>>> print(open('entry.txt').read())   # compact mmCIF, C-alpha atoms
# COMPACT_ATOMS: atom_id res chain seq x y z
CA MET A 1 -246.66 228.40 -64.76
CA GLU A 2 -248.58 230.96 -66.79
CA LYS A 3 -247.47 229.21 -69.95
CA ARG A 4 -248.77 225.89 -68.68
CA THR A 5 -252.09 227.40 -67.69
CA ALA A 6 -252.41 228.96 -71.15
CA GLN A 7 -251.60 225.63 -72.78
CA LEU A 8 -254.18 223.90 -70.59
CA GLU A 9 -256.84 226.43 -71.59
CA LEU A 10 -255.92 226.07 -75.26
CA ASN A 11 -256.12 222.28 -75.05
CA THR A 12 -259.49 222.50 -73.32
CA VAL A 13 -260.83 224.85 -76.04
CA ILE A 14 -259.54 222.62 -78.82
CA ALA A 15 -261.04 219.56 -77.18
CA ARG A 16 -264.46 221.22 -76.81
CA GLU A 17 -264.60 222.67 -80.31
CA GLN A 18 -263.35 219.61 -82.14
CA GLY A 19 -265.42 217.33 -79.99
CA SER A 20 -262.46 215.01 -79.50
CA ASN A 21 -261.95 213.04 -76.32
CA LYS A 22 -258.27 214.06 -76.07
CA ASN A 23 -257.12 214.43 -72.50
CA PRO A 24 -256.44 218.16 -71.94
CA LEU A 25 -253.49 217.32 -69.67
CA GLN A 26 -251.73 215.20 -72.28
CA ASP A 27 -249.02 217.56 -73.50
CA LEU A 28 -248.26 219.00 -70.09
CA TYR A 29 -247.05 216.05 -68.04
CA VAL A 30 -244.71 213.16 -68.67
CA PRO A 31 -245.72 209.99 -66.87
CA THR A 32 -242.76 208.04 -65.48
CA LYS A 33 -241.70 205.70 -62.73
CA ILE A 34 -240.08 207.15 -59.63
CA GLU A 35 -237.03 204.95 -60.19
CA GLU A 36 -236.55 206.13 -63.74
CA PHE A 37 -237.02 209.71 -62.64
CA PHE A 38 -234.30 209.42 -59.99
CA ASN A 39 -231.93 207.75 -62.42
CA TRP A 40 -232.59 210.44 -65.01
CA ALA A 41 -231.72 213.07 -62.42
CA ARG A 42 -228.64 211.19 -61.24
CA LYS A 43 -227.12 210.61 -64.63
CA TYR A 44 -227.02 214.32 -65.42
CA SER A 45 -225.66 215.33 -62.04
CA LEU A 46 -222.43 213.41 -61.56
CA TRP A 47 -220.25 215.03 -58.94
CA THR A 48 -216.80 213.65 -59.52
CA TYR A 49 -213.97 212.99 -57.14
CA PRO A 50 -210.67 212.80 -59.09
CA PHE A 51 -208.27 210.35 -57.41
CA VAL A 52 -205.27 211.38 -59.49
CA THR A 53 -201.97 209.58 -58.90
CA ALA A 54 -200.00 209.70 -62.13
CA CYS A 55 -199.47 211.13 -65.60
CA CYS A 56 -203.06 210.42 -66.71
CA GLY A 57 -203.90 213.44 -64.55
CA MET A 58 -202.66 215.68 -67.38
CA GLU A 59 -205.19 214.14 -69.71
CA PHE A 60 -207.85 214.39 -67.04
CA MET A 61 -207.18 218.15 -66.81
CA SER A 62 -207.55 218.35 -70.57
CA VAL A 63 -210.92 216.58 -70.38
CA SER A 64 -212.09 218.76 -67.51
CA SER A 65 -211.24 222.01 -69.26
CA ALA A 66 -213.56 224.07 -71.41
CA HIS A 67 -212.50 222.61 -74.74
CA TYR A 68 -214.14 219.22 -74.09
CA ASP A 69 -216.75 220.61 -71.69
CA THR A 70 -217.89 217.66 -69.61
CA ASP A 71 -220.59 219.94 -68.23
CA ARG A 72 -222.63 218.91 -71.27
CA PHE A 73 -222.98 215.58 -69.49
CA GLY A 74 -223.38 217.11 -66.06
CA ALA A 75 -220.07 215.62 -64.95
CA ALA A 76 -217.83 218.68 -64.69
CA LEU A 77 -218.04 219.65 -61.07
CA PRO A 78 -215.22 218.13 -59.03
CA ARG A 79 -215.67 217.75 -55.29
CA PHE A 80 -212.51 217.47 -53.27
CA SER A 81 -214.18 215.53 -50.52
CA PRO A 82 -215.33 211.99 -51.27
CA ARG A 83 -218.31 212.53 -48.96
CA GLN A 84 -219.80 214.98 -51.45
CA ALA A 85 -219.07 212.98 -54.58
CA ASP A 86 -220.87 210.18 -56.33
CA LEU A 87 -218.44 209.42 -59.16
CA LEU A 88 -214.90 208.34 -58.35
CA PHE A 89 -212.34 208.78 -61.14
CA VAL A 90 -209.33 206.56 -60.48
CA VAL A 91 -206.73 208.29 -62.65
CA GLY A 92 -203.32 206.66 -62.81
CA THR A 93 -201.27 203.83 -61.36
CA ILE A 94 -202.33 202.42 -57.99
CA VAL A 95 -199.51 200.92 -55.95
CA HIS A 96 -199.89 198.60 -52.98
CA LYS A 97 -198.80 201.35 -50.59
CA GLN A 98 -201.73 203.43 -51.79
CA ALA A 99 -204.38 200.69 -51.93
CA PRO A 100 -205.68 201.27 -48.35
CA ILE A 101 -206.12 204.99 -49.11
CA LEU A 102 -208.15 204.30 -52.25
CA ARG A 103 -210.38 201.86 -50.39
CA THR A 104 -210.95 204.39 -47.58
CA VAL A 105 -211.88 207.06 -50.11
CA TYR A 106 -214.34 204.69 -51.78
CA GLU A 107 -215.91 203.71 -48.47
CA GLN A 108 -216.34 207.36 -47.50
CA MET A 109 -218.50 208.05 -50.56
CA CYS A 110 -222.27 207.91 -50.03
CA ASP A 111 -224.46 205.54 -52.00
CA PRO A 112 -225.30 205.58 -54.84
CA LYS A 113 -221.73 205.75 -56.12
CA TRP A 114 -219.94 204.84 -59.31
CA VAL A 115 -216.31 204.31 -60.25
CA ILE A 116 -214.52 204.95 -63.53
CA ALA A 117 -211.05 203.46 -64.07
CA PHE A 118 -209.23 206.03 -66.17
CA GLY A 119 -206.26 204.83 -68.21
CA VAL A 120 -204.69 201.45 -68.64
CA CYS A 121 -202.82 201.45 -65.31
CA ALA A 122 -206.03 201.84 -63.35
CA VAL A 123 -207.75 199.29 -65.59
CA SER A 124 -205.22 196.46 -65.39
CA GLY A 125 -201.89 197.72 -64.11
CA GLY A 126 -200.78 198.36 -67.68
CA PHE A 127 -197.14 197.56 -68.32
CA TYR A 128 -196.36 197.56 -64.61
CA GLN A 129 -196.45 193.88 -63.72
CA ASN A 130 -194.29 193.99 -60.64
CA TYR A 131 -194.04 193.94 -56.85
CA ALA A 132 -195.24 197.52 -56.37
CA THR A 133 -198.29 197.91 -58.59
CA VAL A 134 -201.84 196.66 -58.09
CA ALA A 135 -202.89 194.97 -61.32
CA GLY A 136 -206.05 197.01 -61.82
CA CYS A 137 -207.94 199.09 -59.27
CA ASP A 138 -210.86 196.64 -59.58
CA ARG A 139 -208.88 194.42 -57.22
CA ILE A 140 -209.52 197.05 -54.52
CA ILE A 141 -212.92 198.57 -55.34
CA PRO A 142 -215.73 197.65 -57.76
CA VAL A 143 -215.41 199.47 -61.08
CA ASP A 144 -218.32 200.38 -63.36
CA VAL A 145 -216.64 201.70 -66.50
CA TYR A 146 -213.12 201.01 -67.79
CA ILE A 147 -211.51 203.58 -70.09
CA PRO A 148 -208.35 202.13 -71.69
CA GLY A 149 -205.55 204.17 -73.21
CA CYS A 150 -202.17 205.44 -72.18
CA PRO A 151 -203.46 208.05 -71.61
CA PRO A 152 -207.00 207.85 -73.03
CA ARG A 153 -208.05 210.45 -75.59
CA PRO A 154 -210.60 212.94 -74.23
CA GLU A 155 -213.16 211.55 -76.69
CA ALA A 156 -212.70 208.12 -75.09
CA VAL A 157 -213.38 209.64 -71.68
CA LEU A 158 -216.55 211.31 -72.94
CA GLU A 159 -217.67 207.98 -74.35
CA GLY A 160 -216.94 206.43 -70.97
CA ILE A 161 -219.11 209.02 -69.23
CA ILE A 162 -221.92 208.32 -71.70
CA ALA A 163 -221.53 204.58 -71.07
CA LEU A 164 -221.79 205.25 -67.35
CA GLN A 165 -224.95 207.31 -67.87
CA LYS A 166 -226.48 204.39 -69.75
CA LYS A 167 -225.54 202.18 -66.81
CA ILE A 168 -227.08 204.60 -64.30
CA GLU A 169 -230.38 204.36 -66.21
CA GLN A 170 -230.43 200.68 -65.27
CA TYR A 171 -229.68 201.38 -61.61
CA HIS A 172 -232.20 200.14 -59.06
CA THR A 173 -233.10 202.55 -56.32
CA THR A 174 -233.23 199.59 -53.97
CA GLY A 175 -229.45 199.57 -54.19
CA LYS A 176 -229.15 196.37 -56.17
CA ARG A 177 -226.72 196.60 -59.02
CA GLU A 178 -227.38 195.04 -62.38
CA MET B 1 -162.70 226.91 -64.84
CA PRO B 2 -160.35 224.33 -66.39
CA THR B 3 -160.84 220.70 -65.58
CA LEU B 4 -159.33 219.31 -62.40
CA LEU B 5 -159.33 215.71 -63.44
CA PRO B 6 -155.76 215.00 -64.76
CA GLU B 7 -154.24 216.62 -61.70
CA LEU B 8 -156.64 214.82 -59.40
CA LYS B 9 -155.94 211.49 -61.08
CA LYS B 10 -152.20 211.88 -60.46
CA ILE B 11 -152.65 212.73 -56.76
CA LEU B 12 -155.12 209.91 -56.15
CA GLU B 13 -153.03 207.29 -57.92
CA ASP B 14 -150.02 208.29 -55.80
CA THR B 15 -152.06 208.19 -52.56
CA TYR B 16 -154.07 205.00 -53.06
CA GLY B 17 -151.79 203.06 -55.38
CA GLN B 18 -154.57 202.05 -57.77
CA GLU B 19 -155.80 203.06 -61.17
CA PHE B 20 -158.21 205.95 -61.78
CA ILE B 21 -159.55 206.15 -65.33
CA ILE B 22 -160.51 209.36 -67.11
CA ASN B 23 -163.31 209.36 -69.67
CA GLU B 24 -162.61 212.46 -71.80
CA ALA B 25 -165.99 212.45 -73.51
CA LEU B 26 -167.92 212.59 -70.25
CA LYS B 27 -165.29 214.68 -68.39
CA GLU B 28 -165.42 211.94 -65.79
CA LEU B 29 -163.03 210.22 -63.41
CA TYR B 30 -163.90 206.62 -62.73
CA ALA B 31 -162.59 204.06 -60.25
CA PHE B 32 -163.32 201.01 -58.15
CA VAL B 33 -162.59 201.83 -54.53
CA ASP B 34 -162.29 199.62 -51.49
CA LYS B 35 -165.06 200.29 -49.00
CA ASN B 36 -162.61 201.04 -46.19
CA ASN B 37 -161.15 203.93 -48.22
CA LEU B 38 -164.51 205.27 -49.30
CA PHE B 39 -165.26 207.82 -46.61
CA SER B 40 -161.81 209.43 -46.54
CA LEU B 41 -161.83 209.64 -50.35
CA MET B 42 -165.27 211.22 -50.43
CA GLU B 43 -164.21 213.77 -47.79
CA LYS B 44 -161.26 214.66 -50.01
CA PHE B 45 -163.56 215.22 -52.99
CA SER B 46 -165.86 217.45 -50.99
CA THR B 47 -162.94 219.66 -49.86
CA ILE B 48 -162.04 220.37 -53.51
CA HIS B 49 -165.60 221.50 -54.21
CA PHE B 50 -167.25 218.40 -55.62
CA ASP B 51 -170.34 219.75 -53.94
CA PHE B 52 -173.12 217.85 -55.64
CA LEU B 53 -173.84 214.18 -54.92
CA MET B 54 -175.97 213.39 -57.97
CA ASP B 55 -176.86 209.80 -57.22
CA VAL B 56 -176.21 206.85 -54.98
CA THR B 57 -177.35 203.58 -56.43
CA ALA B 58 -176.40 199.92 -56.48
CA VAL B 59 -176.04 197.03 -58.91
CA ASP B 60 -176.74 193.36 -58.24
CA TYR B 61 -174.44 191.01 -60.23
CA LEU B 62 -176.10 187.79 -59.06
CA LEU B 63 -176.93 186.59 -62.56
CA GLN B 64 -173.42 187.39 -63.81
CA ASN B 65 -171.96 185.33 -60.94
CA LYS B 66 -169.62 188.20 -60.11
CA LYS B 67 -167.90 188.27 -56.72
CA PRO B 68 -168.53 190.30 -54.65
CA ARG B 69 -172.19 190.41 -55.54
CA PHE B 70 -173.12 194.10 -55.13
CA GLU B 71 -171.61 197.39 -56.22
CA VAL B 72 -172.63 200.71 -54.73
CA VAL B 73 -172.22 203.53 -57.24
CA TYR B 74 -171.67 207.19 -56.38
CA HIS B 75 -171.97 210.02 -58.89
CA LEU B 76 -170.36 213.34 -57.99
CA PHE B 77 -170.50 216.63 -59.85
CA HIS B 78 -168.37 219.75 -59.64
CA THR B 79 -170.61 222.79 -60.11
CA LYS B 80 -167.76 225.11 -61.20
CA THR B 81 -165.77 222.98 -63.64
CA TYR B 82 -168.56 220.56 -64.59
CA ASP B 83 -166.28 217.61 -63.82
CA ARG B 84 -167.83 214.33 -62.82
CA ILE B 85 -166.60 211.47 -60.67
CA ARG B 86 -168.04 207.97 -60.61
CA ILE B 87 -166.97 205.74 -57.72
CA LYS B 88 -167.91 202.07 -57.50
CA VAL B 89 -167.60 200.22 -54.23
CA PRO B 90 -167.84 196.40 -54.29
CA VAL B 91 -169.91 195.05 -51.40
CA THR B 92 -170.17 191.40 -50.44
CA GLU B 93 -173.42 189.50 -50.04
CA GLU B 94 -172.45 188.36 -46.49
CA ILE B 95 -171.72 191.83 -45.10
CA PRO B 96 -173.76 194.28 -47.20
CA GLU B 97 -172.50 197.36 -45.41
CA VAL B 98 -170.78 200.53 -46.47
CA ALA B 99 -170.03 203.82 -44.70
CA SER B 100 -172.67 206.51 -45.05
CA VAL B 101 -171.66 209.76 -46.77
CA TYR B 102 -174.49 211.61 -45.03
CA PRO B 103 -172.02 213.69 -42.91
CA ILE B 104 -170.51 215.06 -46.15
CA TRP B 105 -173.55 215.55 -48.40
CA LYS B 106 -176.95 215.84 -46.73
CA THR B 107 -178.71 214.66 -49.89
CA ALA B 108 -177.39 211.17 -49.14
CA TYR B 109 -180.14 210.95 -46.54
CA PHE B 110 -182.81 210.06 -49.12
CA LEU B 111 -180.53 208.35 -51.65
CA GLU B 112 -179.10 205.91 -49.12
CA ARG B 113 -182.54 205.15 -47.74
CA GLU B 114 -183.63 204.29 -51.28
CA VAL B 115 -180.68 201.91 -51.77
CA TRP B 116 -181.47 200.29 -48.41
CA ASP B 117 -185.12 199.99 -49.38
CA LEU B 118 -184.57 198.29 -52.72
CA TYR B 119 -181.22 196.46 -52.33
CA GLY B 120 -180.85 195.95 -48.58
CA ILE B 121 -177.40 197.51 -48.36
CA LYS B 122 -176.77 199.06 -44.95
CA PHE B 123 -175.13 202.45 -44.60
CA THR B 124 -173.38 202.64 -41.25
CA GLY B 125 -173.62 206.10 -39.77
CA HIS B 126 -176.91 207.00 -41.45
CA PRO B 127 -179.17 208.72 -38.88
CA ASP B 128 -182.49 207.11 -39.83
CA LEU B 129 -182.12 204.15 -42.17
CA ARG B 130 -185.61 202.88 -42.97
CA ARG B 131 -187.69 202.22 -46.08
CA ILE B 132 -188.53 205.27 -48.18
CA LEU B 133 -190.55 204.09 -51.21
CA LEU B 134 -192.04 200.83 -50.00
CA TYR B 135 -194.02 200.27 -46.83
CA GLU B 136 -192.62 199.03 -43.53
CA GLU B 137 -194.52 195.71 -43.78
CA PHE B 138 -192.68 194.76 -46.98
CA VAL B 139 -190.44 191.71 -46.60
CA GLY B 140 -187.31 191.42 -48.75
CA PHE B 141 -185.58 193.75 -51.18
CA PRO B 142 -187.28 193.85 -54.57
CA LEU B 143 -184.42 194.98 -56.82
CA ARG B 144 -182.24 192.07 -55.74
CA LYS B 145 -182.21 189.60 -58.61
CA ASP B 146 -183.36 186.73 -56.39
CA TYR B 147 -186.63 188.55 -55.62
CA TYR B 148 -189.35 187.28 -57.95
CA ILE B 149 -190.59 190.42 -59.73
CA ARG B 150 -194.32 189.60 -59.52
CA ASP B 151 -194.25 188.64 -55.85
CA GLU B 152 -196.78 191.13 -54.49
CA GLN B 153 -197.27 191.87 -50.81
CA PRO B 154 -200.67 193.58 -50.53
CA LEU B 155 -201.50 195.56 -47.41
CA ILE B 156 -205.24 194.91 -47.63
CA GLY B 157 -207.25 191.94 -48.82
CA LEU B 158 -207.70 192.17 -52.57
CA ARG B 159 -210.98 191.44 -54.34
CA GLU B 160 -211.45 188.50 -56.61
CA VAL B 161 -212.01 189.83 -60.11
CA GLU B 162 -214.37 187.82 -62.26
CA ALA B 163 -214.23 188.02 -66.00
CA ASN B 164 -217.67 188.92 -67.30
CA PRO B 165 -218.19 187.33 -70.73
CA THR B 166 -221.43 189.22 -71.39
CA VAL B 167 -219.87 192.68 -71.32
>>> encode(input="entry.txt", output="structure tokens")
Amino acid sequence: MEKRTAQLELNTVIAREQGSNKNPLQDLYVPTKIEEFFNWARKYSLWTYPFVTACCGMEFMSVSSAHYDTDRFGAALPRFSPRQADLLFVVGTIVHKQAPILRTVYEQMCDPKWVIAFGVCAVSGGFYQNYATVAGCDRIIPVDVYIPGCPPRPEAVLEGIIALQKKIEQYHTTGKRE
Amino acid sequence: MPTLLPELKKILEDTYGQEFIINEALKELYAFVDKNNLFSLMEKFSTIHFDFLMDVTAVDYLLQNKKPRFEVVYHLFHTKTYDRIRIKVPVTEEIPEVASVYPIWKTAYFLEREVWDLYGIKFTGHPDLRRILLYEEFVGFPLRKDYYIRDEQPLIGLREVEANPTV
């Protein structure tokens, strides 16, 4: 606060002495829209809920650990209740027996919420094309970002998080999805 | 401990009047057994310390046109001599039933439920024979060769997925 006041005084002095009509408040505030401000805040505060069912979970642990440091993107903090989370990671194969559970978890999350399909089984069923497996978790819940790979490299996951952040920037506070 | 198998083979061939084959490489005794003899034979194995039922599984020979259609396969292991026994029991399509070995090895509880779940072979004497991997609403037995592999039976209504050409 003191720093801002000092800057304001300095700007005022400069404006008076140079005789310019520069607004003294110019360097102190960033004008924005409320929607953009909310989206900016949301994209750096992703609280994730890992729905881990299969071997991709190992890779998810690798991504979540310090070496890849998803906290740089504000997406490191896992919540183990879907009611506290706004990003659902579907990690691994989803079978038909589990489909009602995944939908319940998704419905328990509060809006605004996003979903990342992690690994090729969650994206499309992968090489499981049979009676047991759901061919892609997007047949149960809407998915925002698909990360392919069996399992995906951590770099691919980070790129997926960045892609989701770009998508969140476009999010409308009215709840309408683009 | 030295292997039991040659001695065992001699006794069994005298008792049941059929061939038991020894695979030296696997240290394994191998035979097709009638399903009426199965339980008494398995009891005999358990009394000579074949104490580990490694697996119960089944094979469907529909596409090979083999009669009878199914075979139930038992794998036993001797934890002292490391001998193995593999018993195959032919089971017909009309009466897919075989005696449960749950009274002898308790691990048969899960293994037999799995065979019932996927092949529809009944184990008479099993205390609680119901599906273990699939859900109760599932109709049919998916590892039978006449079950179409992609025939899904979803529990909830699935979404229609649209391909988005712009992304």
>>> residues_around(input="entry.txt", residues="B:Thr3", least_positions_apart="3", cutoff="12 Å", atoms="all atoms listed in the file", output="PyMOL selection string")
chain B and resi 6-9+22+24+26-29+77-85
>>> residues_around(input="entry.txt", residues="B:Val89", least_positions_apart="6", cutoff="8 Å", atoms="all atoms listed in the file", output="JSON, numbers by chain")
{"B": [32, 33, 34, 35, 38, 71, 72, 73]}
>>> residues_around(input="entry.txt", residues="stretch 61-63 of chain A", least_positions_apart="5", cutoff="12 Å", atoms="all atoms listed in the file", output="VMD selection string")
chain A and resid 50 52 55 to 56 68 to 72 75 to 76 78 91 118 151 to 161
>>> atom_distance(input="entry.txt", atom1="atom CA of B:Phe39", atom2="atom CA of B:Pro68")
19.6 Å
>>> interface_residues(input="entry.txt", of="chain B", to="chain A", cutoff="6 Å", atoms="only C-alpha atoms", output="PyMOL selection string")
chain B and resi 149-152+154+158-159
>>> atom_distance(input="entry.txt", atom1="atom CA of A:Gln84", atom2="atom CA of B:Gly157")
26.4 Å
>>> atom_distance(input="entry.txt", atom1="atom CA of A:Gly74", atom2="atom CA of A:Tyr44")
4.6 Å
>>> closest_residue(input="entry.txt", among="B:Gln18, B:Glu112, B:Pro2, B:Ser46", to="B:Leu133", atoms="only C-alpha atoms")
B:Glu112
>>> closest_residue(input="entry.txt", among="B:Lys122, B:Lys44, B:Lys67, B:Arg113", to="B:Glu97", atoms="only C-alpha atoms")
B:Lys122
>>> residues_around(input="entry.txt", residues="B:Ser40", least_positions_apart="3", cutoff="12 Å", atoms="only C-alpha atoms", output="tab-separated table (two decimals) with C-alpha atoms, in the coordinates of the input")
chain	number	residue	atom	x	y	z
B	12	LEU	CA	-155.12	209.91	-56.15
B	15	THR	CA	-152.06	208.19	-52.56
B	16	TYR	CA	-154.07	205.00	-53.06
B	33	VAL	CA	-162.59	201.83	-54.53
B	34	ASP	CA	-162.29	199.62	-51.49
B	35	LYS	CA	-165.06	200.29	-49.00
B	36	ASN	CA	-162.61	201.04	-46.19
B	37	ASN	CA	-161.15	203.93	-48.22
B	43	GLU	CA	-164.21	213.77	-47.79
B	44	LYS	CA	-161.26	214.66	-50.01
B	45	PHE	CA	-163.56	215.22	-52.99
B	46	SER	CA	-165.86	217.45	-50.99
B	47	THR	CA	-162.94	219.66	-49.86
B	99	ALA	CA	-170.03	203.82	-44.70
B	100	SER	CA	-172.67	206.51	-45.05
B	101	VAL	CA	-171.66	209.76	-46.77
B	103	PRO	CA	-172.02	213.69	-42.91
B	104	ILE	CA	-170.51	215.06	-46.15
